[in-house]
Structures are given as structure tokens and as C-alpha cells.
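Raw contents of coords.cif, mmCIF, C-alpha atoms and all ligand atoms:
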```cif
data_query
#
loop_
_atom_site.label_atom_id
_atom_site.label_comp_id
_atom_site.auth_asym_id
_atom_site.auth_seq_id
_atom_site.Cartn_x
_atom_site.Cartn_y
_atom_site.Cartn_z
CA MET A 1 23.57 -35.09 -10.74
CA LEU A 2 20.48 -33.25 -11.95
CA ARG A 3 21.26 -31.92 -15.45
CA ILE A 4 18.69 -29.66 -17.00
CA GLY A 5 18.56 -27.63 -20.19
CA ILE A 6 16.63 -24.37 -20.34
CA LEU A 7 15.57 -22.16 -23.24
CA THR A 8 13.25 -19.30 -24.12
CA SER A 9 11.68 -19.38 -27.57
CA GLY A 10 9.45 -17.19 -29.77
CA GLY A 11 8.72 -13.49 -29.23
CA ASP A 12 10.06 -12.29 -25.91
CA CYS A 13 7.87 -10.82 -23.20
CA GLN A 14 8.16 -9.50 -19.70
CA ALA A 15 8.89 -11.89 -16.81
CA LEU A 16 10.75 -14.55 -18.80
CA ASN A 17 13.71 -13.97 -16.51
CA ALA A 18 11.48 -14.05 -13.42
CA ALA A 19 10.09 -17.42 -14.54
CA MET A 20 13.55 -18.91 -15.11
CA ARG A 21 14.65 -17.60 -11.74
CA GLY A 22 11.62 -19.32 -10.19
CA VAL A 23 12.57 -22.67 -11.75
CA ILE A 24 16.22 -22.46 -10.72
CA ARG A 25 15.52 -21.27 -7.19
CA GLY A 26 12.97 -24.06 -6.80
CA LEU A 27 15.50 -26.66 -7.92
CA SER A 28 18.59 -25.29 -6.20
CA SER A 29 16.79 -25.00 -2.85
CA GLN A 30 16.30 -28.78 -2.95
CA ARG A 31 19.32 -30.06 -4.86
CA ASP A 32 22.98 -29.10 -4.65
CA ASP A 33 23.96 -31.28 -7.62
CA LEU A 34 22.27 -29.10 -10.22
CA GLU A 35 23.91 -28.64 -13.63
CA ILE A 36 22.21 -26.05 -15.83
CA TYR A 37 22.69 -25.75 -19.58
CA GLY A 38 21.34 -22.48 -20.96
CA PHE A 39 20.55 -22.75 -24.68
CA GLU A 40 21.02 -19.54 -26.63
CA ASP A 41 18.31 -17.95 -28.79
CA GLY A 42 15.62 -20.54 -28.28
CA TYR A 43 15.43 -23.81 -30.19
CA LYS A 44 18.24 -22.52 -32.39
CA GLY A 45 20.65 -23.10 -29.50
CA LEU A 46 19.36 -26.63 -29.02
CA ILE A 47 19.55 -27.43 -32.72
CA TYR A 48 23.08 -26.12 -33.24
CA GLY A 49 24.47 -26.95 -29.80
CA ASN A 50 24.91 -23.33 -28.72
CA TYR A 51 24.74 -23.40 -24.95
CA HIS A 52 26.65 -22.40 -21.87
CA LEU A 53 26.91 -23.92 -18.47
CA MET A 54 25.18 -21.76 -15.87
CA THR A 55 24.97 -21.64 -12.10
CA PRO A 56 22.07 -20.61 -9.87
CA ASP A 57 23.90 -17.30 -9.35
CA ASP A 58 23.35 -16.47 -13.03
CA PHE A 59 19.63 -16.36 -12.27
CA SER A 60 20.03 -14.00 -9.36
CA GLY A 61 19.10 -10.31 -9.67
CA ILE A 62 16.97 -10.83 -12.77
CA LEU A 63 13.47 -10.86 -11.26
CA ASN A 64 12.56 -7.42 -12.58
CA MET A 65 14.62 -7.53 -15.77
CA GLY A 66 12.83 -7.37 -19.14
CA GLY A 67 13.76 -9.54 -22.14
CA THR A 68 15.49 -12.88 -21.63
CA ILE A 69 19.05 -13.46 -20.46
CA LEU A 70 19.20 -16.49 -22.80
CA GLY A 71 18.11 -14.65 -25.94
CA THR A 72 15.33 -15.95 -28.17
CA SER A 73 14.37 -16.44 -31.80
CA ARG A 74 11.46 -17.66 -33.86
CA GLN A 75 11.93 -21.19 -35.22
CA PRO A 76 8.57 -21.94 -36.88
CA PHE A 77 7.09 -25.32 -35.99
CA LYS A 78 6.01 -25.92 -39.58
CA ARG A 79 9.68 -25.83 -40.63
CA MET A 80 10.98 -28.08 -37.85
CA ARG A 81 10.69 -31.20 -39.99
CA ILE A 82 12.31 -29.48 -42.98
CA PRO A 83 16.12 -29.84 -43.07
CA ASP A 84 18.10 -26.58 -42.82
CA GLU A 85 20.16 -25.13 -45.70
CA ASN A 86 22.95 -27.61 -44.93
CA GLY A 87 20.61 -30.59 -44.87
CA LEU A 88 20.59 -30.83 -41.08
CA ASP A 89 17.59 -32.67 -39.60
CA LYS A 90 16.63 -30.20 -36.85
CA VAL A 91 14.61 -32.61 -34.75
CA GLU A 92 17.37 -35.23 -34.79
CA ALA A 93 19.91 -32.50 -34.01
CA MET A 94 17.94 -31.39 -30.93
CA LYS A 95 17.65 -34.98 -29.73
CA SER A 96 21.32 -35.56 -30.26
CA VAL A 97 22.36 -32.47 -28.23
CA TYR A 98 19.95 -33.48 -25.45
CA HIS A 99 21.37 -37.01 -25.28
CA LYS A 100 24.98 -35.90 -25.67
CA LEU A 101 24.61 -33.65 -22.62
CA GLN A 102 22.76 -36.45 -20.79
CA LEU A 103 20.02 -34.05 -19.79
CA GLU A 104 17.38 -35.16 -17.33
CA CYS A 105 14.92 -32.71 -18.90
CA LEU A 106 14.37 -29.53 -20.87
CA VAL A 107 12.61 -26.49 -19.42
CA ILE A 108 11.03 -24.60 -22.29
CA LEU A 109 9.45 -21.15 -21.98
CA GLY A 110 7.28 -20.07 -24.87
CA GLY A 111 3.96 -19.42 -26.54
CA ASN A 112 1.92 -21.29 -29.12
CA GLY A 113 4.54 -22.24 -31.69
CA THR A 114 7.01 -23.12 -28.97
CA HIS A 115 4.50 -25.48 -27.40
CA LYS A 116 3.93 -27.31 -30.66
CA THR A 117 7.66 -28.02 -30.90
CA ALA A 118 7.86 -28.90 -27.19
CA ASN A 119 5.11 -31.46 -27.75
CA LEU A 120 7.00 -32.82 -30.75
CA LEU A 121 10.10 -33.27 -28.58
CA ARG A 122 7.96 -35.04 -25.99
CA GLU A 123 6.66 -37.37 -28.70
CA GLU A 124 10.28 -38.00 -29.66
CA GLY A 125 10.94 -39.22 -26.14
CA LEU A 126 12.54 -36.18 -24.48
CA ASN A 127 11.56 -35.10 -20.96
CA VAL A 128 10.00 -31.67 -21.25
CA VAL A 129 8.39 -29.17 -18.87
CA THR A 130 7.05 -25.91 -20.28
CA LEU A 131 5.99 -22.50 -19.02
CA PRO A 132 3.33 -20.28 -20.64
CA LYS A 133 4.73 -16.98 -21.83
CA THR A 134 3.26 -14.47 -24.25
CA ILE A 135 1.81 -11.00 -24.13
CA ASP A 136 -1.07 -12.31 -26.28
CA ASN A 137 -2.52 -14.61 -23.57
CA ASP A 138 -3.69 -16.88 -26.38
CA LEU A 139 -2.29 -20.13 -25.03
CA TRP A 140 -4.88 -22.82 -24.56
CA GLY A 141 -5.05 -24.49 -21.16
CA THR A 142 -4.08 -21.57 -18.92
CA ASP A 143 -6.15 -18.63 -17.71
CA MET A 144 -3.12 -16.42 -17.81
CA THR A 145 0.29 -16.23 -19.42
CA PHE A 146 3.08 -14.11 -17.99
CA GLY A 147 3.83 -11.02 -20.05
CA PHE A 148 0.15 -10.37 -20.70
CA GLN A 149 -0.56 -8.03 -17.79
CA SER A 150 2.58 -5.96 -18.43
CA ALA A 151 1.56 -5.52 -22.07
CA VAL A 152 -1.96 -4.53 -20.99
CA ASP A 153 -0.48 -1.93 -18.64
CA ILE A 154 1.66 -0.44 -21.41
CA ALA A 155 -1.19 -0.37 -23.95
CA THR A 156 -3.42 1.21 -21.30
CA GLU A 157 -0.86 3.90 -20.62
CA THR A 158 -0.71 4.65 -24.35
CA ILE A 159 -4.49 5.04 -24.44
CA ASP A 160 -4.32 7.30 -21.36
CA ARG A 161 -1.72 9.52 -22.98
CA ILE A 162 -3.60 9.69 -26.26
CA HIS A 163 -6.75 10.81 -24.44
CA THR A 164 -5.33 14.22 -23.55
CA THR A 165 -3.98 15.03 -27.00
CA ALA A 166 -7.07 13.63 -28.75
CA SER A 167 -9.20 15.88 -26.58
CA SER A 168 -7.08 18.99 -27.19
CA HIS A 169 -7.26 18.56 -30.96
CA SER A 170 -10.77 17.11 -31.26
CA ARG A 171 -9.44 14.12 -33.14
CA VAL A 172 -10.30 10.50 -33.71
CA PHE A 173 -7.41 8.34 -32.56
CA ILE A 174 -6.80 4.74 -33.54
CA ILE A 175 -4.48 2.90 -31.17
CA GLU A 176 -3.32 -0.38 -32.64
CA VAL A 177 -2.59 -2.98 -29.98
CA MET A 178 -0.54 -6.17 -30.39
CA GLY A 179 -2.04 -9.58 -29.83
CA HIS A 180 -1.51 -11.53 -33.03
CA LYS A 181 -4.76 -13.34 -33.97
CA VAL A 182 -6.59 -12.67 -30.69
CA GLY A 183 -7.93 -9.64 -28.86
CA HIS A 184 -7.17 -10.23 -25.18
CA VAL A 185 -4.66 -7.36 -24.78
CA THR A 186 -6.90 -4.94 -26.69
CA LEU A 187 -10.00 -5.90 -24.74
CA HIS A 188 -8.35 -5.45 -21.34
CA ALA A 189 -6.45 -2.27 -22.26
CA GLY A 190 -9.45 -0.85 -24.10
CA ILE A 191 -11.65 -1.16 -21.04
CA ALA A 192 -8.91 -0.02 -18.64
CA GLY A 193 -8.05 2.97 -20.84
CA GLY A 194 -11.66 3.99 -21.45
CA ALA A 195 -11.67 3.46 -25.23
CA ASP A 196 -14.94 4.39 -26.91
CA ILE A 197 -14.66 1.69 -29.55
CA ILE A 198 -12.83 -1.64 -29.19
CA LEU A 199 -12.21 -3.77 -32.26
CA LEU A 200 -11.18 -7.40 -31.87
CA PRO A 201 -10.44 -10.18 -34.37
CA GLU A 202 -13.15 -12.23 -32.68
CA ILE A 203 -15.87 -9.62 -33.42
CA PRO A 204 -15.69 -8.48 -37.05
CA TYR A 205 -16.58 -4.81 -37.44
CA ASP A 206 -18.95 -2.89 -39.68
CA ILE A 207 -17.43 0.43 -40.73
CA ASP A 208 -20.89 2.06 -40.85
CA VAL A 209 -21.43 1.19 -37.19
CA ILE A 210 -18.06 2.76 -36.31
CA ALA A 211 -18.78 5.91 -38.30
CA ASP A 212 -22.17 6.15 -36.65
CA VAL A 213 -20.64 5.95 -33.15
CA ILE A 214 -18.12 8.69 -34.03
CA ASN A 215 -20.75 10.97 -35.58
CA LYS A 216 -23.16 10.46 -32.68
CA ARG A 217 -20.40 11.28 -30.18
CA SER A 218 -19.68 14.49 -32.12
CA ALA A 219 -23.35 15.40 -32.19
CA ALA A 220 -23.49 14.85 -28.42
CA GLY A 221 -20.64 17.33 -27.94
CA LYS A 222 -17.85 14.79 -27.38
CA LYS A 223 -14.81 16.26 -29.07
CA PHE A 224 -12.85 13.10 -29.62
CA THR A 225 -13.18 9.35 -30.08
CA ILE A 226 -10.63 6.73 -29.09
CA LEU A 227 -10.51 3.37 -30.83
CA ALA A 228 -8.48 0.52 -29.32
CA VAL A 229 -7.91 -1.79 -32.27
CA ALA A 230 -6.32 -5.22 -32.16
CA GLU A 231 -3.68 -5.73 -34.84
CA GLY A 232 -5.75 -8.71 -36.03
CA ALA A 233 -9.09 -6.82 -36.19
CA ILE A 234 -11.09 -7.58 -39.31
CA SER A 235 -14.13 -6.15 -41.08
CA LYS A 236 -17.30 -8.20 -41.56
CA ALA A 237 -16.69 -8.20 -45.30
CA ASP A 238 -13.15 -9.54 -44.91
CA ALA A 239 -14.24 -12.08 -42.32
CA SER A 240 -16.63 -13.55 -44.88
CA LEU A 241 -13.74 -14.26 -47.27
CA LYS A 242 -12.10 -17.66 -47.45
CA LYS A 243 -8.85 -17.83 -45.45
CA LYS A 244 -6.77 -18.00 -48.66
CA GLU A 245 -8.61 -15.06 -50.23
CA TYR A 246 -8.12 -12.94 -47.13
CA LYS A 247 -4.41 -13.78 -46.99
CA ALA A 248 -4.02 -12.74 -50.63
CA LYS A 249 -5.93 -9.54 -49.97
CA LEU A 250 -3.67 -8.72 -47.03
CA ALA A 251 -0.56 -9.44 -49.09
CA ASN A 252 -1.70 -6.88 -51.68
CA SER A 253 -3.06 -4.34 -49.22
CA PRO A 254 -1.76 -0.78 -49.63
CA TYR A 255 -1.97 -0.34 -45.86
CA PRO A 256 0.89 -1.20 -43.49
CA SER A 257 -1.63 -2.47 -40.91
CA ILE A 258 -5.30 -2.49 -39.96
CA ALA A 259 -5.09 0.93 -38.23
CA TYR A 260 -4.25 2.59 -41.56
CA GLN A 261 -7.05 0.80 -43.37
CA LEU A 262 -9.50 1.88 -40.71
CA ALA A 263 -8.27 5.47 -40.79
CA ASP A 264 -8.95 5.53 -44.51
CA GLU A 265 -12.38 3.95 -44.12
CA ILE A 266 -13.36 6.31 -41.28
CA SER A 267 -12.17 9.39 -43.18
CA GLN A 268 -14.56 8.51 -46.00
CA LYS A 269 -17.50 8.44 -43.60
CA THR A 270 -16.83 11.25 -41.10
CA GLU A 271 -15.49 14.79 -41.16
CA LYS A 272 -13.10 14.11 -38.29
CA GLU A 273 -9.35 14.46 -38.30
CA ILE A 274 -7.80 11.05 -37.66
CA ARG A 275 -4.47 10.01 -36.17
CA ILE A 276 -2.87 6.64 -35.51
CA ALA A 277 -0.68 5.46 -32.62
CA VAL A 278 1.05 2.08 -32.70
CA PRO A 279 2.84 1.24 -29.45
CA GLY A 280 4.18 -1.94 -31.14
CA HIS A 281 7.04 -3.70 -29.40
CA THR A 282 7.04 -1.27 -26.48
CA GLN A 283 4.26 -3.57 -25.28
CA ARG A 284 6.82 -6.35 -24.89
CA GLY A 285 9.63 -4.24 -23.55
CA GLY A 286 10.94 -3.13 -20.18
CA ALA A 287 10.40 -4.44 -16.69
CA PRO A 288 7.55 -6.84 -15.90
CA CYS A 289 4.70 -5.57 -13.74
CA ALA A 290 4.30 -7.00 -10.23
CA TYR A 291 1.52 -9.39 -11.28
CA ASP A 292 3.63 -10.94 -14.05
CA ARG A 293 6.62 -11.30 -11.74
CA MET A 294 4.41 -13.04 -9.22
CA ILE A 295 2.76 -15.51 -11.62
CA ALA A 296 6.03 -16.17 -13.47
CA SER A 297 7.72 -16.99 -10.15
CA ARG A 298 4.85 -19.28 -9.21
CA VAL A 299 4.76 -21.25 -12.46
CA GLY A 300 8.56 -21.41 -12.36
CA ALA A 301 8.55 -22.91 -8.86
CA ALA A 302 5.73 -25.29 -9.86
CA ALA A 303 7.84 -26.45 -12.82
CA ALA A 304 10.72 -27.11 -10.44
CA LYS A 305 8.41 -29.28 -8.37
CA LEU A 306 7.44 -31.31 -11.45
CA ILE A 307 11.12 -31.87 -12.25
CA LEU A 308 11.92 -32.88 -8.69
CA ASN A 309 9.05 -35.40 -8.93
CA LYS A 310 10.23 -36.52 -12.40
CA GLU A 311 6.86 -35.60 -13.91
CA TYR A 312 7.36 -34.67 -17.56
CA GLY A 313 5.33 -33.76 -20.61
CA TYR A 314 3.42 -30.93 -18.94
CA MET A 315 2.91 -27.19 -19.19
CA VAL A 316 2.42 -25.45 -15.86
CA ALA A 317 -0.80 -23.47 -16.17
CA LEU A 318 -2.60 -20.99 -13.95
CA ILE A 319 -6.22 -21.97 -13.54
CA ASP A 320 -8.55 -20.21 -11.10
CA GLY A 321 -5.50 -18.76 -9.37
CA GLU A 322 -3.80 -22.12 -8.86
CA THR A 323 -0.82 -23.66 -10.64
CA LYS A 324 -1.79 -26.86 -12.44
CA LYS A 325 0.02 -29.31 -14.74
CA ILE A 326 -1.60 -29.72 -18.14
CA PRO A 327 -0.51 -32.48 -20.55
CA LEU A 328 1.24 -30.94 -23.56
CA GLU A 329 -0.75 -33.00 -26.04
CA GLU A 330 -3.94 -31.33 -24.74
CA ILE A 331 -2.79 -27.81 -25.48
CA ALA A 332 -0.33 -27.93 -28.38
CA GLY A 333 -1.69 -26.22 -31.48
CA LYS A 334 -4.80 -24.74 -29.84
CA LEU A 335 -5.45 -21.00 -29.62
CA LYS A 336 -7.42 -19.36 -26.84
CA TYR A 337 -9.66 -16.71 -28.39
CA VAL A 338 -11.75 -14.03 -26.71
CA ASN A 339 -15.28 -15.36 -26.30
CA PRO A 340 -17.49 -12.70 -27.96
CA ASP A 341 -20.33 -13.61 -25.55
CA CYS A 342 -18.24 -13.36 -22.37
CA LYS A 343 -19.37 -11.24 -19.44
CA MET A 344 -16.49 -8.85 -19.91
CA ILE A 345 -17.79 -7.87 -23.33
CA GLN A 346 -21.37 -7.73 -22.14
CA GLU A 347 -20.30 -5.41 -19.30
CA ALA A 348 -18.25 -3.24 -21.66
CA LYS A 349 -21.24 -2.93 -23.99
CA LEU A 350 -23.45 -1.99 -21.03
CA MET A 351 -21.03 0.88 -20.35
CA GLY A 352 -21.57 2.12 -23.90
CA ILE A 353 -18.36 0.78 -25.45
CA SER A 354 -18.94 -0.14 -29.09
CA PHE A 355 -17.35 -3.25 -30.61
CA GLY A 356 -18.25 -2.08 -34.10
CA ASP A 357 -20.64 -4.99 -34.62
O1 LIG B 1 3.25 -13.11 -30.00
C1 LIG B 1 3.71 -11.92 -29.48
C2 LIG B 1 3.72 -10.84 -30.52
O2 LIG B 1 4.18 -9.65 -29.93
C3 LIG B 1 2.37 -10.60 -31.21
O3 LIG B 1 1.51 -9.83 -30.42
C4 LIG B 1 2.82 -9.92 -32.47
O4 LIG B 1 1.89 -10.13 -33.49
C5 LIG B 1 4.12 -10.61 -32.78
O5 LIG B 1 4.59 -11.16 -31.57
C6 LIG B 1 5.20 -9.73 -33.34
O6 LIG B 1 6.27 -10.53 -33.71
P1 LIG B 1 7.75 -10.05 -33.97
O7 LIG B 1 8.38 -9.75 -32.65
O8 LIG B 1 8.39 -11.21 -34.63
O9 LIG B 1 7.67 -8.81 -34.81
#
```
Translate this file's structure into C-alpha cells.
Ligand code: F6P
Amino acid sequence: MLRIGILTSGGDCQALNAAMRGVIRGLSSQRDDLEIYGFEDGYKGLIYGNYHLMTPDDFSGILNMGGTILGTSRQPFKRMRIPDENGLDKVEAMKSVYHKLQLECLVILGGNGTHKTANLLREEGLNVVTLPKTIDNDLWGTDMTFGFQSAVDIATETIDRIHTTASSHSRVFIIEVMGHKVGHVTLHAGIAGGADIILLPEIPYDIDVIADVINKRSAAGKKFTILAVAEGAISKADASLKKKEYKAKLANSPYPSIAYQLADEISQKTEKEIRIAVPGHTQRGGAPCAYDRMIASRVGAAAAKLILNKEYGYMVALIDGETKKIPLEEIAGKLKYVNPDCKMIQEAKLMGISFGD
């Protein structure tokens, strides 16, 4: 009997279902003694023993389905060692459910926080294989996460749509793109959507540079300016603050997000009419694009191979187009930032895109 547990944790993204389908198809094509326990709403299901027995058929017909058939939730790593409101030791609870069900291994799909907990479970002696999901593409150790390309496509479409209305009304538009602390989605969508200014957390901006770009575009007869702005974008002044000071400043900020702060700052330095568009969670919603379905299926099948070989403690990564196993201890807790000196940024700058620096 091959008994596996499977869960999806953290913010959802496109192609989670495709990835699970890849794992289960990979296993069920080789083994007819598969027993699958699907844990509900991420680690919460593992902690509280909320699971249901599933069959390979449950993973059929879900390749192009958004969201996750298992549900998900955020269970912060930093609180994993803190007992819950009833005094339950969450780590011990997860181990106990795992052992009670006599699982051979856990398949865990998630992003950064999820990987920290997966590594903790590995340290606690559980067999774990993980898959890299997140629209942010900020997971260390893999070139690509599934969900990223779909989010880029959606953000790009938003920028495309904003172009026509910005042009009609001669406006400055700020499109705020998700991505948490990193700028991968914004960088890709900004280039693909033809943004005039791209602001990333990794390249702090100078508002005078931004105003100058907008004013120069106006003077050159360009009626509008499009800014693709990462939700984590930061000014040079704020970047020079200590982490604690910046956190406090954010907590007391009158602005709901960076786009609103920028709009205010730009309005003080230009005559232009400014509007904001925040695609928000639409970037995580709906069907996965073909590329995400393909890479999710591949990493899913590669995870199945690891399980069949009884190789545990790895994340399946995509590196230079190939699936590779990466030890969890090498990646847990590390973020993959945009390299401000990368060729992509150099090429964007050569095309006249400003990064506000
Ligand atoms: O990590 C994925 C992500 O969509 C980030 O881009 C964003 O900052 C965050 O999740 C939003 O989280 P929530 O879904 O909890 O609002």
C-alpha cells in the first residue's frame, strides 16, 4: 500500500490542480495500491485532522481549473511553534495525524512560508516532497513557479486595457501589480504591456525622476503615461529607513497602498490627471495559462518519480527548463529577488523604460 497525504497551503494560484493531477497520474500509472489523503485548507487540515480519502478519479478533469480542489489557508510559519488557543501543539498534532494515517509521505504545494514549514516537518522526521507554487515567483532554488506566468498574463492584459482609456483621456495611470516583496510579476508584465515606468521593490524610486519622465513625455507630445508598480515598490527615502521604522511608517500611512501614495506624490509634481487600477486577486484567479499547466504537470510528475524512488526532503524545481530535486534545507526561508543588474532590466532601460532610479 502506498499511502500519501497531499495539501495546498498559502495563497492560491493557477495550476495548483494541474500540479496535483500530475503527481497523482504519475503515481497511479505505476501503482494500483495508492491511497490518497487530501488535507483540507492547507496545514490546517493536517493539524486538525481534516482530510478525506480520495481516488485518482478525483484528480481527473481539473487540469485547467483555477483555485485548489483541496482549499487552502495561511498558517504562518512563525506561529507554528506557538500552541493554538486550546493549547494544541501544532507541530506535534501534524506529526500525530501523519503517523496515525501511516503515511508514506506528504506532498505539499506552496510558496515561501509553506516551504519553511515543510522543512520543519522534514526536520521532525516526516517524509516530504514539495512543489513550487506562487504567482510571485520568489521561491529560491527554482527558475519558475507555477502560477507566475498566468498572473503575468492577467497583469499584462490590465495594462493593455488601461492603455486605450489612458490615451483617450490623456491621463497618468498607475497599475499596482501583486508580488509581495519582489517585482518579478511587475517586471514581466510591465515590459509585456509596454509600461513607460516600472517600479520594483528591488529598485527604490526617486519621485523627481518619475515626475521628470512624465513631464518630458508630455512635452514630447505623448498624451499619457503608464506606470506598472509592484505592490512592494518603495521610495529611496523609505528604503533608507530601518526596517522597523519603515514598518511603523506603513502602519500609520494614510494611503491604502503604494499606488495611492505615488498618485499623491505625482500630483504634487505634475499637472496631469492621475488614475489608479489595482487588478489585485484577479491575478490569482481563473484558469491557468498553457505554460503554467505544462510546468505544473511536469513538476507534479517529477514529484511522483521521487516518491516512487522513496527520495524525500526535496522540492521539485525547474532549472534551465529541466525538473530538478533541490534539498529543502537549501531553499527554506530564502527569497528570490529581481536582480537590479540583470539583462532584462538593462534591455528594458535601453528601450526607454524608466525604473524611477
Ligand atoms: O503570495 C501571493 C500573493 O498574491 C502576493 O502577491 C500578495 O501580496 C499576497 O499573496 C496577498 O495575500 P492574500 O491573498 O492573503 O490577500
For the atom pair CA of His188 (chain A) and CA of Ile345 (chain A), what is the interatomic distance in Å to one decimal place?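 According to the coordinates, CA of His188 (chain A) and CA of Ile345 (chain A) are separated by 9.9 Å.
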Coordinates-based distance that separates atom C3 of ligand LIG 1 (chain B) from CA of Met94 (chain A) (Å, one decimal):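 Spanning CA of Met94 (chain A) to atom C3 of ligand LIG 1 (chain B) is a straight-line distance of 26.0 Å.
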Please produce, as CSV, a per-residue contact table for chain A versus ligand LIG 1 (chain B) (criterion: any atom at most 9 Å away, all atoms listed in the file considered), showing the nearest atom pair and its distance in Å to one decimal, sorted by chain then residue number.
```
residue,atom,partner,partner_atom,distance
A:Gly10,CA,B:LIG1,O1,7.4
A:Gly11,CA,B:LIG1,O7,5.1
A:Asp12,CA,B:LIG1,C1,7.3
A:Cys13,CA,B:LIG1,C1,7.6
A:Ser73,CA,B:LIG1,O8,8.4
A:Arg74,CA,B:LIG1,O8,7.2
A:Gly111,CA,B:LIG1,O1,7.2
A:Asn112,CA,B:LIG1,O1,8.3
A:Thr134,CA,B:LIG1,C1,5.8
A:Ile135,CA,B:LIG1,C1,5.8
A:Asp136,CA,B:LIG1,O3,5.5
A:Asn137,CA,B:LIG1,O1,8.8
A:Asp138,CA,B:LIG1,O1,8.7
A:Val177,CA,B:LIG1,O3,8.0
A:Met178,CA,B:LIG1,O3,4.2
A:Gly179,CA,B:LIG1,O3,3.6
A:His180,CA,B:LIG1,O4,3.7
A:Lys181,CA,B:LIG1,O4,7.4
A:Val182,CA,B:LIG1,O3,8.6
A:Val185,CA,B:LIG1,O3,8.7
A:Glu231,CA,B:LIG1,O4,7.2
A:Gly232,CA,B:LIG1,O4,8.2
A:Gly280,CA,B:LIG1,O2,7.8
A:His281,CA,B:LIG1,O2,6.6
A:Gln283,CA,B:LIG1,O2,7.7
A:Arg284,CA,B:LIG1,O2,6.6
```
Rows by chain and residue number, region 135-162 of chain A within 12 Å of region 169-173 of chain A, shortest pair, only C-alpha atoms, as CSV:
```
residue,atom,partner,partner_atom,distance
A:Thr158,CA,A:Phe173,CA,11.2
A:Ile159,CA,A:Phe173,CA,9.2
A:Asp160,CA,A:Phe173,CA,11.7
A:Arg161,CA,A:Phe173,CA,11.2
A:Ile162,CA,A:Phe173,CA,7.5
```
For region 1-74 of chain A against region 287-296 of chain A, with a cut-off of 12 Å and counting only C-alpha atoms, what is the closest atom pair and its distance in Å to one decimal for every residue that makes the cut, ordered by chain and number, as a Markdown table?
```
| residue | atom | partner | partner_atom | distance |
| --- | --- | --- | --- | --- |
| A:Asp12 | CA | A:Pro288 | CA | 11.7 |
| A:Cys13 | CA | A:Pro288 | CA | 8.3 |
| A:Gln14 | CA | A:Pro288 | CA | 4.7 |
| A:Ala15 | CA | A:Pro288 | CA | 5.3 |
| A:Leu16 | CA | A:Ala296 | CA | 7.3 |
| A:Asn17 | CA | A:Ala296 | CA | 8.5 |
| A:Ala18 | CA | A:Arg293 | CA | 5.8 |
| A:Ala19 | CA | A:Ala296 | CA | 4.4 |
| A:Met20 | CA | A:Ala296 | CA | 8.2 |
| A:Arg21 | CA | A:Ala296 | CA | 8.9 |
| A:Gly22 | CA | A:Ala296 | CA | 7.2 |
| A:Val23 | CA | A:Ala296 | CA | 9.4 |
| A:Ile62 | CA | A:Ala287 | CA | 10.0 |
| A:Leu63 | CA | A:Arg293 | CA | 6.9 |
| A:Asn64 | CA | A:Ala287 | CA | 5.5 |
| A:Met65 | CA | A:Ala287 | CA | 5.3 |
| A:Gly66 | CA | A:Ala287 | CA | 4.5 |
| A:Gly67 | CA | A:Ala287 | CA | 8.2 |
| A:Thr68 | CA | A:Ala287 | CA | 11.0 |
```
For a cut-off of 12 Å around (-8.9, 15.4, -39.9), file coordinates, pick out all residues using only C-alpha atoms and list them as a PyMOL selection string. chain A and resi 166+169-173+224+263-264+266-276
Quick one: residues within 10 Å of Glu311 (chain A), only C-alpha atoms, excluding same-chain residues fewer than 6 positions away - as a PDB file with C-alpha atoms, in the coordinates of the input?
```pdb
ATOM      1  CA  CYS A 105      14.920 -32.710 -18.900  1.00  0.00           C
ATOM      2  CA  ASN A 127      11.560 -35.100 -20.960  1.00  0.00           C
ATOM      3  CA  VAL A 128      10.000 -31.670 -21.250  1.00  0.00           C
ATOM      4  CA  VAL A 129       8.390 -29.170 -18.870  1.00  0.00           C
ATOM      5  CA  ALA A 303       7.840 -26.450 -12.820  1.00  0.00           C
ATOM      6  CA  ALA A 304      10.720 -27.110 -10.440  1.00  0.00           C
ATOM      7  CA  LYS A 305       8.410 -29.280  -8.370  1.00  0.00           C
ATOM      8  CA  LYS A 325       0.020 -29.310 -14.740  1.00  0.00           C
TER       9      LYS A 325
END
```
Top pick for closest residue to Gly352 (chain A), considering A:Glu123, A:Lys243, A:Gln75, A:Ala195 and counting only C-alpha atoms: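 Looking at the shortest contact to Gly352 (chain A), the residue is A:Ala195.
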Where is the centre and how long are the edges: axis-aligned box on region 134-137 of chain A, 8 Å on each side, Å to one decimal, as AutoDock Vina command-line options:
```
--center_x 0.4 --center_y -12.8 --center_z -24.9 --size_x 21.8 --size_y 19.6 --size_z 18.7
```
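Counting all atoms listed in the file and comparing A:Leu2, A:Leu70, A:Ile258, A:Leu7, the residue that lies closest to Leu34 (chain A) is A:Leu2.
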If I take CA of Ile210 (chain A) and CA of Ser354 (chain A), how far is one from the other in Å, to one decimal? 7.8 Å
Select, from A:Ala219, A:Ile226, A:Leu187, A:Val213, the residue with the minimum atom-to-atom distance to Glu347 (chain A), counting all atoms listed in the file.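 Smallest separation from Glu347 (chain A) among the options: A:Leu187.
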Selected residue of minimal separation from Lys223 (chain A) among A:Val107, A:Val97, A:Ser167, A:Asp341, counting only C-alpha atoms: A:Ser167
May I ask which of the residues A:Leu328, A:Ala259, A:Ile307, A:Leu88 is the closest one to Arg31 (chain A), counting only C-alpha atoms?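 Ranking A:Leu328, A:Ala259, A:Ile307, A:Leu88 by distance to Arg31 (chain A), first place goes to A:Ile307.
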List the residues sitting within 8 Å of (12.8, -27.6, -5.0) in the file's frame, using only C-alpha atoms, as a list in words. Arg25, Gly26, Leu27, Ser28, Ser29, Gln30, Arg31, Ala301, Ala304, Lys305 and Leu308 of chain A
Set the distance at 10 Å and use all atoms listed in the file: which residues neighbour Ile331 (chain A) once local chain neighbours fewer than 5 positions away are removed? I'd like the list as a PyMOL selection string. chain A and resi 112+115-116+119+139-142+314-315+326+336
Which residues are close to Lys133 (chain A), i.e. within 7 Å by only C-alpha atoms, leaving aside same-chain residues fewer than 2 positions away? Reply as a compact mmCIF listing (two decimals) with C-alpha atoms, in the coordinates of the input.
```txt
# COMPACT_ATOMS: atom_id res chain seq x y z
CA LEU A 109 9.45 -21.15 -21.98
CA GLY A 110 7.28 -20.07 -24.87
CA GLY A 111 3.96 -19.42 -26.54
CA LEU A 131 5.99 -22.50 -19.02
CA THR A 145 0.29 -16.23 -19.42
CA PHE A 146 3.08 -14.11 -17.99
CA GLY A 147 3.83 -11.02 -20.05
```
